[in-house]
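Structure file coords.csv; described as CSV, C-alpha atoms and all ligand atoms.
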```
chain,number,residue,atom,x,y,z
A,19,MET,CA,3.4,-0.7,39.8
A,20,THR,CA,1.6,-3.8,41.0
A,21,ASP,CA,-0.9,-4.9,38.3
A,22,LEU,CA,-4.2,-5.1,40.2
A,23,PHE,CA,-5.4,-7.6,37.6
A,24,SER,CA,-2.7,-10.2,38.6
A,25,LYS,CA,-5.2,-11.8,41.0
A,26,PHE,CA,-7.3,-12.9,37.9
A,27,ASP,CA,-4.4,-14.8,36.3
A,28,PRO,CA,-5.5,-18.3,37.4
A,29,LEU,CA,-9.0,-17.6,35.9
A,30,ILE,CA,-7.5,-16.1,32.7
A,31,GLN,CA,-5.3,-19.2,32.3
A,32,GLN,CA,-8.2,-21.6,33.0
A,33,ARG,CA,-10.3,-19.9,30.4
A,34,GLU,CA,-7.5,-19.9,27.8
A,35,GLN,CA,-6.9,-23.6,28.3
A,36,LEU,CA,-10.6,-24.3,27.8
A,37,LEU,CA,-10.8,-22.2,24.6
A,38,ALA,CA,-7.6,-23.8,23.3
A,39,THR,CA,-9.5,-27.1,23.1
A,40,GLY,CA,-11.5,-25.5,20.4
A,41,VAL,CA,-14.8,-25.4,22.3
A,42,THR,CA,-17.1,-22.4,21.9
A,43,ASP,CA,-17.0,-19.9,24.8
A,44,PRO,CA,-20.0,-21.0,26.9
A,45,PHE,CA,-20.2,-17.6,28.6
A,46,SER,CA,-20.6,-15.3,25.5
A,47,LEU,CA,-23.6,-16.7,23.7
A,48,VAL,CA,-25.7,-14.1,21.9
A,49,MET,CA,-29.5,-14.6,21.4
A,50,GLU,CA,-30.0,-13.0,18.0
A,51,ARG,CA,-33.8,-13.1,18.3
A,52,VAL,CA,-36.2,-14.4,21.0
A,53,VAL,CA,-39.3,-16.0,19.5
A,54,SER,CA,-41.1,-17.0,22.6
A,55,PRO,CA,-40.4,-18.0,26.3
A,56,THR,CA,-39.1,-21.3,25.0
A,57,VAL,CA,-37.5,-20.6,21.6
A,58,ALA,CA,-34.7,-18.3,20.4
A,59,ILE,CA,-32.4,-17.9,17.4
A,60,CYS,CA,-28.8,-18.5,18.4
A,61,ASN,CA,-26.0,-18.8,15.9
A,62,GLY,CA,-28.7,-18.6,13.2
A,63,ARG,CA,-30.3,-21.7,14.5
A,64,GLU,CA,-33.7,-22.2,16.1
A,65,THR,CA,-32.9,-23.2,19.7
A,66,ILE,CA,-35.1,-24.6,22.5
A,67,LEU,CA,-34.5,-22.6,25.7
A,68,LEU,CA,-33.9,-24.7,28.8
A,69,GLY,CA,-31.8,-22.4,30.9
A,70,THR,CA,-33.7,-19.1,31.4
A,71,TYR,CA,-35.4,-19.4,34.8
A,72,ASN,CA,-38.5,-18.1,32.9
A,73,TYR,CA,-40.5,-20.6,34.9
A,74,MET,CA,-44.0,-19.3,34.2
A,75,GLY,CA,-43.3,-18.1,30.7
A,76,MET,CA,-44.6,-14.6,31.4
A,77,THR,CA,-42.1,-12.7,29.2
A,78,PHE,CA,-44.5,-12.9,26.1
A,79,ASP,CA,-47.8,-12.8,28.0
A,80,GLU,CA,-50.0,-10.4,26.0
A,81,ASP,CA,-51.4,-8.5,29.0
A,82,VAL,CA,-47.9,-8.1,30.4
A,83,ILE,CA,-46.6,-6.7,27.2
A,84,ALA,CA,-49.6,-4.4,26.8
A,85,ALA,CA,-49.1,-3.0,30.3
A,86,GLY,CA,-45.5,-2.3,29.6
A,87,LYS,CA,-46.2,-0.5,26.3
A,88,ASP,CA,-49.0,1.6,27.9
A,89,ALA,CA,-46.7,2.7,30.8
A,90,LEU,CA,-43.9,3.5,28.4
A,91,ASP,CA,-46.3,5.8,26.5
A,92,LYS,CA,-47.8,7.4,29.6
A,93,PHE,CA,-44.9,7.7,31.9
A,94,GLY,CA,-41.8,7.7,29.7
A,95,SER,CA,-38.7,5.5,29.5
A,96,GLY,CA,-37.3,6.0,33.0
A,97,THR,CA,-37.8,7.7,36.4
A,98,THR,CA,-34.3,9.2,36.6
A,99,GLY,CA,-34.5,9.1,40.4
A,100,SER,CA,-34.4,7.3,43.6
A,101,ARG,CA,-37.5,5.9,45.2
A,102,VAL,CA,-37.2,8.4,48.1
A,103,LEU,CA,-37.0,11.4,45.8
A,104,ASN,CA,-38.5,11.6,42.3
A,105,GLY,CA,-38.5,7.9,41.5
A,106,THR,CA,-41.8,6.7,43.1
A,107,TYR,CA,-44.5,6.6,40.4
A,108,GLN,CA,-48.0,5.3,40.7
A,109,GLY,CA,-46.7,2.1,39.1
A,110,HIS,CA,-44.2,1.4,41.9
A,111,LYS,CA,-47.1,1.6,44.4
A,112,GLU,CA,-49.2,-0.7,42.3
A,113,CYS,CA,-46.4,-3.2,42.0
A,114,GLU,CA,-46.0,-3.1,45.8
A,115,ASP,CA,-49.8,-3.5,46.3
A,116,ALA,CA,-49.7,-6.5,43.9
A,117,LEU,CA,-47.0,-8.1,46.0
A,118,LYS,CA,-48.8,-7.5,49.3
A,119,GLU,CA,-51.9,-9.2,47.8
A,120,PHE,CA,-49.9,-12.0,46.3
A,121,TYR,CA,-48.2,-12.9,49.6
A,122,ALA,CA,-51.1,-11.7,51.9
A,123,MET,CA,-48.6,-9.6,53.8
A,124,ASP,CA,-48.7,-6.1,55.2
A,125,HIS,CA,-45.6,-4.6,53.6
A,126,ALA,CA,-43.7,-4.8,50.3
A,127,MET,CA,-40.6,-2.9,49.1
A,128,VAL,CA,-39.5,-3.1,45.5
A,129,PHE,CA,-35.8,-2.9,44.6
A,130,SER,CA,-34.1,-2.5,41.3
A,131,THR,CA,-32.9,-6.2,41.3
A,132,GLY,CA,-33.2,-9.2,43.5
A,133,TYR,CA,-29.4,-8.9,44.2
A,134,GLN,CA,-30.1,-5.5,45.6
A,135,ALA,CA,-33.0,-6.7,47.7
A,136,ASN,CA,-30.7,-9.2,49.5
A,137,LEU,CA,-27.9,-6.8,49.7
A,138,GLY,CA,-30.1,-4.0,51.1
A,139,ILE,CA,-32.3,-6.0,53.6
A,140,ILE,CA,-29.5,-8.1,55.0
A,141,SER,CA,-27.0,-5.3,55.4
A,142,THR,CA,-29.5,-3.0,56.9
A,143,ILE,CA,-31.1,-5.2,59.5
A,144,ALA,CA,-28.0,-7.2,60.5
A,145,GLY,CA,-25.1,-4.9,61.5
A,146,LYS,CA,-22.0,-5.0,63.6
A,147,GLY,CA,-22.4,-7.3,66.6
A,148,ASP,CA,-25.3,-9.2,65.0
A,149,TYR,CA,-25.1,-12.7,63.6
A,150,VAL,CA,-26.2,-13.9,60.2
A,151,ILE,CA,-26.6,-17.7,60.2
A,152,LEU,CA,-26.7,-19.0,56.6
A,153,ASP,CA,-26.6,-22.1,54.5
A,154,ILE,CA,-23.1,-22.5,53.1
A,155,ASP,CA,-24.5,-22.8,49.5
A,156,SER,CA,-26.3,-19.4,49.8
A,157,HIS,CA,-26.5,-17.1,46.7
A,158,ALA,CA,-23.7,-14.5,46.2
A,159,SER,CA,-26.2,-11.6,47.0
A,160,ILE,CA,-26.7,-13.1,50.5
A,161,TYR,CA,-23.0,-13.3,51.2
A,162,ASP,CA,-22.5,-9.7,49.8
A,163,GLY,CA,-25.3,-8.5,52.0
A,164,CYS,CA,-23.6,-10.0,55.1
A,165,ALA,CA,-20.2,-8.4,54.1
A,166,MET,CA,-21.8,-5.0,53.5
A,167,GLY,CA,-23.6,-5.0,56.9
A,168,ASN,CA,-20.5,-6.2,58.8
A,169,ALA,CA,-22.4,-8.8,60.8
A,170,GLU,CA,-20.7,-12.0,62.0
A,171,ILE,CA,-21.3,-14.7,59.4
A,172,VAL,CA,-22.0,-18.2,60.7
A,173,ALA,CA,-22.3,-20.8,57.9
A,174,PHE,CA,-23.7,-24.2,58.3
A,175,ARG,CA,-23.7,-27.3,56.1
A,176,HIS,CA,-26.1,-27.3,53.2
A,177,ASN,CA,-29.7,-28.1,54.3
A,178,ASP,CA,-28.5,-29.6,57.6
A,179,VAL,CA,-31.0,-28.9,60.3
A,180,GLU,CA,-28.8,-30.3,63.1
A,181,ALA,CA,-25.9,-28.2,62.0
A,182,LEU,CA,-28.0,-25.1,62.0
A,183,GLU,CA,-29.3,-25.9,65.5
A,184,LYS,CA,-25.8,-26.5,66.8
A,185,ARG,CA,-24.5,-23.2,65.4
A,186,LEU,CA,-27.5,-21.3,66.9
A,187,LYS,CA,-26.9,-22.8,70.4
A,188,ARG,CA,-23.3,-21.6,70.4
A,189,LEU,CA,-24.3,-17.9,69.9
A,190,PRO,CA,-24.9,-15.5,72.8
A,191,PRO,CA,-28.6,-15.7,73.7
A,192,GLU,CA,-29.0,-11.9,73.8
A,193,ALA,CA,-27.4,-11.2,70.4
A,194,GLY,CA,-29.4,-10.2,67.3
A,195,LYS,CA,-29.6,-13.2,65.0
A,196,LEU,CA,-30.9,-13.5,61.4
A,197,VAL,CA,-31.2,-16.9,59.8
A,198,VAL,CA,-31.1,-16.7,56.0
A,199,LEU,CA,-32.4,-19.6,54.0
A,200,GLU,CA,-33.4,-20.2,50.4
A,201,GLY,CA,-36.6,-22.1,49.3
A,202,VAL,CA,-35.0,-23.7,46.3
A,203,TYR,CA,-31.2,-23.8,45.9
A,204,SER,CA,-30.5,-22.9,42.3
A,205,MET,CA,-27.4,-25.0,41.6
A,206,LEU,CA,-28.9,-28.4,42.3
A,207,GLY,CA,-32.6,-27.5,42.3
A,208,ASP,CA,-33.1,-29.0,45.8
A,209,ILE,CA,-35.5,-27.5,48.3
A,210,ALA,CA,-34.8,-26.6,52.0
A,211,PRO,CA,-36.4,-28.3,55.0
A,212,LEU,CA,-37.8,-24.9,55.9
A,213,LYS,CA,-40.3,-26.2,58.4
A,214,GLU,CA,-37.7,-27.8,60.7
A,215,MET,CA,-35.2,-25.0,60.1
A,216,ILE,CA,-37.6,-22.3,61.0
A,217,ARG,CA,-38.7,-24.2,64.1
A,218,VAL,CA,-35.1,-24.4,65.5
A,219,SER,CA,-34.4,-20.8,64.5
A,220,LYS,CA,-37.4,-19.5,66.3
A,221,GLU,CA,-36.6,-21.6,69.4
A,222,ALA,CA,-33.2,-19.8,69.4
A,223,GLY,CA,-34.8,-16.4,69.2
A,224,ALA,CA,-33.7,-15.7,65.6
A,225,MET,CA,-35.5,-13.8,62.9
A,226,VAL,CA,-35.8,-15.6,59.6
A,227,LEU,CA,-35.4,-14.4,56.0
A,228,VAL,CA,-36.2,-16.8,53.1
A,229,ASP,CA,-35.1,-16.1,49.6
A,230,GLU,CA,-37.8,-17.6,47.3
A,231,ALA,CA,-36.2,-16.4,44.0
A,232,HIS,CA,-36.6,-19.9,42.4
A,233,SER,CA,-40.0,-20.9,43.8
A,234,MET,CA,-42.2,-17.8,43.6
A,235,GLY,CA,-45.0,-18.3,41.1
A,236,PHE,CA,-44.5,-22.1,41.0
A,237,ILE,CA,-44.2,-23.8,44.4
A,238,GLY,CA,-47.0,-23.7,46.9
A,239,GLU,CA,-50.8,-23.6,46.5
A,240,HIS,CA,-50.8,-19.9,45.6
A,241,GLY,CA,-47.2,-19.9,44.2
A,242,ARG,CA,-45.9,-18.1,47.3
A,243,GLY,CA,-42.9,-20.5,47.5
A,244,VAL,CA,-41.5,-23.4,49.6
A,245,ALA,CA,-42.5,-21.7,52.9
A,246,GLU,CA,-46.1,-21.8,51.8
A,247,ALA,CA,-45.8,-25.4,50.5
A,248,GLN,CA,-44.4,-26.5,53.9
A,249,GLY,CA,-47.1,-24.5,55.9
A,250,VAL,CA,-44.7,-22.1,57.6
A,251,LEU,CA,-45.0,-18.8,55.7
A,252,ASP,CA,-46.5,-17.1,58.7
A,253,ASP,CA,-43.3,-17.8,60.7
A,254,VAL,CA,-41.1,-16.1,58.1
A,255,ASP,CA,-40.1,-12.6,59.0
A,256,PHE,CA,-38.9,-11.5,55.5
A,257,VAL,CA,-39.4,-13.1,52.1
A,258,ILE,CA,-37.0,-11.9,49.4
A,259,GLY,CA,-37.8,-12.4,45.7
A,260,THR,CA,-37.0,-11.4,42.2
A,261,PHE,CA,-38.9,-10.3,39.1
A,262,SER,CA,-36.2,-11.9,36.9
A,263,LYS,CA,-37.5,-15.4,37.0
A,264,SER,CA,-41.2,-16.3,37.3
A,265,VAL,CA,-42.4,-12.7,37.0
A,266,GLY,CA,-40.5,-12.4,33.7
A,267,THR,CA,-38.9,-9.0,33.9
A,268,VAL,CA,-36.3,-7.4,36.2
A,269,GLY,CA,-36.4,-6.2,39.8
A,270,GLY,CA,-36.4,-7.5,43.3
A,271,PHE,CA,-38.5,-7.2,46.5
A,272,CYS,CA,-39.0,-7.9,50.2
A,273,VAL,CA,-42.3,-8.6,51.8
A,274,SER,CA,-42.9,-8.7,55.5
A,275,ASN,CA,-45.4,-8.3,58.4
A,276,HIS,CA,-42.9,-6.6,60.6
A,277,PRO,CA,-44.7,-3.6,62.2
A,278,LYS,CA,-41.6,-1.3,61.8
A,279,PHE,CA,-40.8,-2.5,58.2
A,280,GLU,CA,-41.5,0.9,56.5
A,281,ILE,CA,-38.5,2.6,58.2
A,282,LEU,CA,-36.3,0.5,55.8
A,283,ARG,CA,-37.2,2.9,53.0
A,284,LEU,CA,-35.1,5.6,54.8
A,285,VAL,CA,-32.1,3.6,55.9
A,286,CYS,CA,-31.6,0.9,53.3
A,287,ARG,CA,-28.7,2.1,51.1
A,288,PRO,CA,-29.3,-0.1,48.0
A,289,TYR,CA,-32.9,1.2,48.0
A,290,VAL,CA,-32.1,4.9,48.6
A,291,PHE,CA,-28.9,5.4,46.6
A,292,THR,CA,-30.0,4.1,43.2
A,293,ALA,CA,-32.5,4.9,40.6
A,294,SER,CA,-35.9,3.2,40.7
A,295,LEU,CA,-37.2,0.7,38.1
A,296,PRO,CA,-38.6,2.2,34.8
A,297,PRO,CA,-42.4,2.6,34.7
A,298,SER,CA,-42.7,0.0,31.9
A,299,VAL,CA,-40.9,-2.6,34.1
A,300,VAL,CA,-43.0,-2.1,37.2
A,301,ALA,CA,-46.2,-2.2,35.0
A,302,THR,CA,-45.1,-5.5,33.5
A,303,ALA,CA,-44.2,-6.8,37.0
A,304,ALA,CA,-47.5,-5.8,38.6
A,305,THR,CA,-49.5,-7.3,35.7
A,306,SER,CA,-47.5,-10.5,35.8
A,307,ILE,CA,-47.8,-10.9,39.6
A,308,ARG,CA,-51.5,-10.5,39.5
A,309,LYS,CA,-51.8,-13.1,36.7
A,310,LEU,CA,-49.6,-15.5,38.7
A,311,MET,CA,-52.2,-15.4,41.5
A,312,HIS,CA,-54.4,-17.5,39.1
A,313,GLY,CA,-51.6,-19.7,37.7
A,314,SER,CA,-52.6,-23.1,39.1
A,315,ASN,CA,-53.0,-24.7,35.7
A,316,LYS,CA,-49.6,-23.5,34.6
A,317,ARG,CA,-48.1,-24.7,37.9
A,318,ALA,CA,-49.5,-28.2,37.4
A,319,HIS,CA,-48.1,-28.3,33.8
A,320,LEU,CA,-44.7,-27.1,35.0
A,321,TRP,CA,-44.6,-30.0,37.6
A,322,GLU,CA,-45.4,-32.4,34.8
A,323,ASN,CA,-42.6,-31.1,32.7
A,324,SER,CA,-40.2,-31.2,35.6
A,325,LYS,CA,-41.1,-34.8,36.4
A,326,SER,CA,-40.9,-36.0,32.7
A,327,LEU,CA,-37.5,-34.4,32.1
A,328,HIS,CA,-36.0,-35.7,35.4
A,329,LYS,CA,-37.2,-39.3,34.7
A,330,GLY,CA,-36.2,-39.1,31.0
A,331,LEU,CA,-32.6,-37.9,31.8
A,332,ARG,CA,-32.2,-40.5,34.5
A,333,ASP,CA,-33.4,-43.3,32.2
A,334,LEU,CA,-30.8,-42.1,29.6
A,335,GLY,CA,-28.1,-42.6,32.2
A,336,PHE,CA,-27.3,-39.0,33.2
A,337,THR,CA,-26.3,-38.3,36.8
A,338,LEU,CA,-28.7,-35.7,38.3
A,339,GLY,CA,-28.4,-33.3,41.3
A,340,THR,CA,-31.5,-34.7,43.1
A,341,GLU,CA,-33.0,-38.2,43.4
A,342,GLU,CA,-36.4,-36.8,42.7
A,343,PRO,CA,-37.5,-33.6,40.9
A,344,GLN,CA,-38.0,-31.0,43.7
A,345,SER,CA,-38.4,-27.8,41.6
A,346,ALA,CA,-38.2,-26.6,38.0
A,347,ILE,CA,-34.4,-26.8,38.0
A,348,ILE,CA,-32.8,-30.1,37.0
A,349,ALA,CA,-29.0,-30.2,37.3
A,350,VAL,CA,-27.0,-32.7,35.2
A,351,ILE,CA,-23.7,-33.4,36.8
A,352,MET,CA,-20.7,-33.4,34.4
A,353,PRO,CA,-17.4,-35.2,35.1
A,354,ASP,CA,-15.3,-32.0,34.7
A,355,LEU,CA,-15.3,-28.5,33.2
A,356,GLU,CA,-13.9,-29.6,29.8
A,357,LYS,CA,-16.4,-32.4,29.3
A,358,GLY,CA,-19.1,-30.0,30.6
A,359,ALA,CA,-18.2,-27.3,28.1
A,360,MET,CA,-18.1,-30.0,25.3
A,361,MET,CA,-21.5,-31.2,26.2
A,362,TRP,CA,-22.9,-27.7,26.5
A,363,GLU,CA,-21.6,-27.0,22.9
A,364,ALA,CA,-22.9,-30.3,21.6
A,365,LEU,CA,-26.4,-29.5,23.0
A,366,LEU,CA,-26.2,-26.0,21.4
A,367,GLU,CA,-25.4,-27.6,18.1
A,368,GLU,CA,-28.4,-29.8,18.5
A,369,GLY,CA,-30.5,-26.7,19.1
A,370,LEU,CA,-30.8,-26.7,22.9
A,371,TYR,CA,-29.6,-24.1,25.3
A,372,VAL,CA,-28.9,-25.0,29.0
A,373,ASN,CA,-26.7,-23.1,31.6
A,374,LEU,CA,-23.2,-24.3,32.2
A,375,ALA,CA,-22.3,-23.7,35.9
A,376,ARG,CA,-18.8,-24.2,37.3
A,377,PRO,CA,-16.9,-23.6,40.5
A,378,PRO,CA,-16.8,-21.4,42.6
A,379,ALA,CA,-20.5,-20.8,41.9
A,380,THR,CA,-21.3,-24.5,42.3
A,381,PRO,CA,-21.2,-26.7,45.4
A,382,ALA,CA,-18.3,-29.2,45.9
A,383,GLY,CA,-16.3,-28.1,42.8
A,384,MET,CA,-18.9,-29.6,40.5
A,385,THR,CA,-19.5,-28.7,36.8
A,386,LEU,CA,-23.2,-28.7,36.1
A,387,LEU,CA,-25.5,-28.3,33.1
A,388,ARG,CA,-28.5,-26.7,34.7
A,389,CYS,CA,-31.8,-27.1,33.1
A,390,SER,CA,-34.7,-24.9,34.1
A,391,LEU,CA,-38.1,-25.7,32.8
A,392,CYS,CA,-40.9,-23.4,31.7
A,393,ALA,CA,-44.7,-23.8,32.0
A,394,GLU,CA,-44.8,-22.9,28.3
A,395,HIS,CA,-42.7,-25.9,27.3
A,396,SER,CA,-45.0,-28.3,25.5
A,397,SER,CA,-44.9,-32.0,26.3
A,398,ASP,CA,-43.6,-32.5,22.7
A,399,GLN,CA,-40.7,-30.1,23.4
A,400,VAL,CA,-39.8,-32.1,26.5
A,401,VAL,CA,-39.6,-35.3,24.3
A,402,GLU,CA,-37.5,-33.3,21.8
A,403,ILE,CA,-35.2,-32.1,24.6
A,404,LEU,CA,-34.6,-35.6,25.7
A,405,GLY,CA,-33.7,-36.7,22.2
A,406,ARG,CA,-31.2,-33.9,21.9
A,407,PHE,CA,-29.6,-34.8,25.3
A,408,GLU,CA,-29.3,-38.4,24.2
A,409,ARG,CA,-27.6,-37.6,20.9
A,410,ALA,CA,-25.2,-35.0,22.5
A,411,GLY,CA,-24.5,-37.3,25.5
A,412,LYS,CA,-23.5,-40.2,23.2
A,413,ARG,CA,-21.4,-37.9,21.0
A,414,VAL,CA,-19.4,-36.5,23.9
A,415,GLY,CA,-19.2,-39.8,25.7
A,416,ILE,CA,-21.1,-38.8,28.8
A,417,ILE,CA,-23.6,-41.7,28.4
A,418,GLY,CA,-23.1,-45.0,26.7
B,501,LIG,C1,-31.3,-17.2,45.2
B,501,LIG,C2,-31.2,-16.0,44.4
B,501,LIG,N1,-31.4,-14.8,45.0
B,501,LIG,C3,-31.3,-13.6,44.4
B,501,LIG,C4,-30.9,-13.6,43.1
B,501,LIG,C5,-30.8,-12.2,42.4
B,501,LIG,O1,-31.9,-11.9,41.6
B,501,LIG,P1,-31.8,-10.8,40.4
B,501,LIG,O2,-31.5,-11.5,39.1
B,501,LIG,O3,-33.1,-10.2,40.4
B,501,LIG,O4,-30.7,-9.9,40.8
B,501,LIG,C6,-30.8,-14.7,42.4
B,501,LIG,C7,-30.5,-14.7,40.9
B,501,LIG,O5,-29.9,-15.5,40.3
B,501,LIG,C8,-30.9,-16.0,43.0
B,501,LIG,O6,-30.7,-17.1,42.4
```

Could I get this file's structure written as structure tokens?
Amino acid sequence: MTDLFSKFDPLIQQREQLLATGVTDPFSLVMERVVSPTVAICNGRETILLGTYNYMGMTFDEDVIAAGKDALDKFGSGTTGSRVLNGTYQGHKECEDALKEFYAMDHAMVFSTGYQANLGIISTIAGKGDYVILDIDSHASIYDGCAMGNAEIVAFRHNDVEALEKRLKRLPPEAGKLVVLEGVYSMLGDIAPLKEMIRVSKEAGAMVLVDEAHSMGFIGEHGRGVAEAQGVLDDVDFVIGTFSKSVGTVGGFCVSNHPKFEILRLVCRPYVFTASLPPSVVATAATSIRKLMHGSNKRAHLWENSKSLHKGLRDLGFTLGTEEPQSAIIAVIMPDLEKGAMMWEALLEEGLYVNLARPPATPAGMTLLRCSLCAEHSSDQVVEILGRFERAGKRVGIIG
């Protein structure tokens, strides 16, 4: 018998080597209690959360929690069915209405996760013989959507407008083309030059999908994302998003003005062949989305936090993923996985949680400590975070 697990041997070995150094496993942390969007108890210690993507801090919003409890009481714990059968409740419609209003678009379709939204939309609209042109650093759900749909994948260099244009020019003019971009790239926290990319895509006759997972709620005047901030939202054919970041719960969606959009509800397999979100989840999502429409003060405070942390870390001597803060994600580049894991552990001992990211999820084989800020972090917490980075960085020898 061939052991089907033998393909995982290199990863098993790498993990064993890392744990043999005595470092805590960075991928099995348990949050024993969550006190607020910015504080949890981990290993019995009060810990500041700086790696949750809870950008707008909606997880403990009183209206959001009340809406979830009410829906749990009135509609039960789950739908036990697909959206196209018994799984569409009033709350799912209300959630889609909230999204249409939030984006000022004609259509909205809610999926059970953001992963499934990308998987479903990309695989359904780009099939055999079509082309998906994507940034090489695209999220796994985008790549998986391409694989499932069987379209030809054409990748271009990260955030390179010229490379995108060149690839588009080489494709048959009559072929179906979908350009897939992200507003914010979650590994380094950098934003895409959407304005130029959308221009060259449209000139080549391509449709455009933008995943705004890490910008919804925060970037743009109304929090609609990077496409809004760059004044090109009207030229985007499909916006994909998630409820697992700024919205503060779980779920995914696609919004669009395409006149035939509604047919997707019958042909999109990751929408049809899975159970719909529980009533409590769609109720929390709808309430949160409606509150995010009026979140400009929170957006301004989150920008302040992002700028202070970026400047503070740079002044301490850390190497960061971007020259300037471009989003609420600040990536601190580590020399290697071992040092990265040591630094991650030292920060946890200081009472600070960040995400450790390593290849293959990261670009160019980098090990990163990814920090994601929250609108609920106080200015004092940001000062505290910098102190903890300084102490841990000196202890591990990342900074002098
Ligand atoms: C760019 C991007 N798209 C989609 C997703 C998937 O979202 P979800 O957590 O809702 O499955 C993520 C999540 O990390 C993401 O970063």

Open item on the list: Neighbouring residues of Asp115 (chain A) were defined as those with any atom within 12 Å, considering all atoms listed in the file; residues of the same chain fewer than 5 positions away were excluded. Please report them as a VMD selection string.
Closed with: chain A and resid 108 to 110 120 to 128 271 273 300 to 301 303 to 305 307 to 308

- [ ] Please return, as a list of chain:residue names, all polymer residues that have at least one atom within 10 Å of the point (-38.6, -32.8, 37.6); use all atoms listed in the file and the file's own coordinate frame.
- [x] A:Gly207, A:Leu320, A:Trp321, A:Glu322, A:Asn323, A:Ser324, A:Lys325, A:Ser326, A:Leu327, A:His328, A:Lys329, A:Gly330, A:Leu331, A:Thr340, A:Glu341, A:Glu342, A:Pro343, A:Gln344, A:Ser345, A:Ala346, A:Ile347, A:Ile348, A:Ala349, A:Cys389, A:Ser390, A:Leu391

Find the nearest atom pair between each residue of region 195-274 of chain A and region 161-178 of chain A for residues within 9 Å, count only C-alpha atoms, give distances in Å to one decimal, sort rows by chain and ascending number, and present the table as JSON lines.
```
{"residue": "A:Leu199", "atom": "CA", "partner": "A:Asn177", "partner_atom": "CA", "distance": 8.9}
{"residue": "A:Ile209", "atom": "CA", "partner": "A:Asn177", "partner_atom": "CA", "distance": 8.4}
{"residue": "A:Ala210", "atom": "CA", "partner": "A:Asn177", "partner_atom": "CA", "distance": 5.8}
{"residue": "A:Pro211", "atom": "CA", "partner": "A:Asn177", "partner_atom": "CA", "distance": 6.7}
{"residue": "A:Leu212", "atom": "CA", "partner": "A:Asn177", "partner_atom": "CA", "distance": 8.9}
{"residue": "A:Met215", "atom": "CA", "partner": "A:Asp178", "partner_atom": "CA", "distance": 8.5}
```

Using only C-alpha atoms, find all polymer residues with an atom at most 8 Å away from the point (-26.6, -31.0, 23.1); report them as a PDB file with C-alpha atoms, in the frame of the given file.
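The resulting file, point.pdb, is reproduced below:
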```
ATOM      1  CA  MET A 361     -21.500 -31.200  26.200  1.00  0.00           C
ATOM      2  CA  TRP A 362     -22.900 -27.700  26.500  1.00  0.00           C
ATOM      3  CA  GLU A 363     -21.600 -27.000  22.900  1.00  0.00           C
ATOM      4  CA  ALA A 364     -22.900 -30.300  21.600  1.00  0.00           C
ATOM      5  CA  LEU A 365     -26.400 -29.500  23.000  1.00  0.00           C
ATOM      6  CA  LEU A 366     -26.200 -26.000  21.400  1.00  0.00           C
ATOM      7  CA  GLU A 367     -25.400 -27.600  18.100  1.00  0.00           C
ATOM      8  CA  GLU A 368     -28.400 -29.800  18.500  1.00  0.00           C
ATOM      9  CA  GLY A 369     -30.500 -26.700  19.100  1.00  0.00           C
ATOM     10  CA  LEU A 370     -30.800 -26.700  22.900  1.00  0.00           C
ATOM     11  CA  TYR A 371     -29.600 -24.100  25.300  1.00  0.00           C
ATOM     12  CA  ARG A 406     -31.200 -33.900  21.900  1.00  0.00           C
ATOM     13  CA  PHE A 407     -29.600 -34.800  25.300  1.00  0.00           C
ATOM     14  CA  GLU A 408     -29.300 -38.400  24.200  1.00  0.00           C
ATOM     15  CA  ARG A 409     -27.600 -37.600  20.900  1.00  0.00           C
ATOM     16  CA  ALA A 410     -25.200 -35.000  22.500  1.00  0.00           C
ATOM     17  CA  GLY A 411     -24.500 -37.300  25.500  1.00  0.00           C
TER      18      GLY A 411
END
```

Near ligand LIG 501 (chain B), 6 Å: chain A residue rows, closest pairs, all atoms listed in the file, as CSV:
```
residue,atom,partner,partner_atom,distance
A:Thr131,CA,B:LIG501,O3,4.1
A:Gly132,CA,B:LIG501,O3,3.3
A:Tyr133,CA,B:LIG501,O4,3.8
A:His157,CA,B:LIG501,C1,5.0
A:Ser204,CA,B:LIG501,O6,5.8
A:Asp229,CA,B:LIG501,C1,5.9
A:Ala231,CA,B:LIG501,C2,5.0
A:Thr260,CA,B:LIG501,O3,4.5
A:Phe261,CA,B:LIG501,O3,5.9
A:Ser262,CA,B:LIG501,O3,5.0
A:Val268,CA,B:LIG501,O3,6.0
A:Gly269,CA,B:LIG501,O3,5.2
A:Gly270,CA,B:LIG501,O3,5.2
```

- [ ] Have a look at A:Asn275, A:Ser159, A:Thr106, A:Thr337 and name the one nearest to Val198 (chain A); count only C-alpha atoms.
- [x]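 Looking at the shortest contact to Val198 (chain A), the residue is A:Ser159.
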
Task: Interatomic distance (Å, one decimal) between CA of Ile281 (chain A) and CA of Val250 (chain A) - done: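 About the pair CA of Ile281 (chain A) and CA of Val250 (chain A): they are 25.5 Å apart.
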
Task: Interatomic distance, CA of Cys113 (chain A) to CA of Leu295 (chain A) (Å, one decimal) - done: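 Computing it gives 10.7 Å between the two atoms.
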
- [ ] Rank A:Ala135, A:Ala382, A:Met360, A:Ile403 by their smallest atom-to-atom distance to Leu37 (chain A), using only C-alpha atoms, and report the top residue only.
- [x]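 Checking each candidate against Leu37 (chain A), we get A:Met360 as the closest.
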
TODO: Considering only C-alpha atoms, state which residue in the set A:Met225, A:Met74, A:Val350, A:Ile30 is at the smallest distance from Leu334 (chain A).
DONE: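 Distance minimum relative to Leu334 (chain A) lands on A:Val350.
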
Task: Using all atoms listed in the file: which of A:Leu117, A:Ala224, A:Val102, A:Val257 has the shortest distance to Tyr289 (chain A) - done: A:Val102

Open item on the list: Neighbouring residues of region 291-294 of chain A were defined as those with any atom within 7 Å, considering only C-alpha atoms; residues of the same chain fewer than 3 positions away were excluded. Please report them as a VMD selection string.
Closed with: chain A and resid 97 to 101 105 130 287 to 288
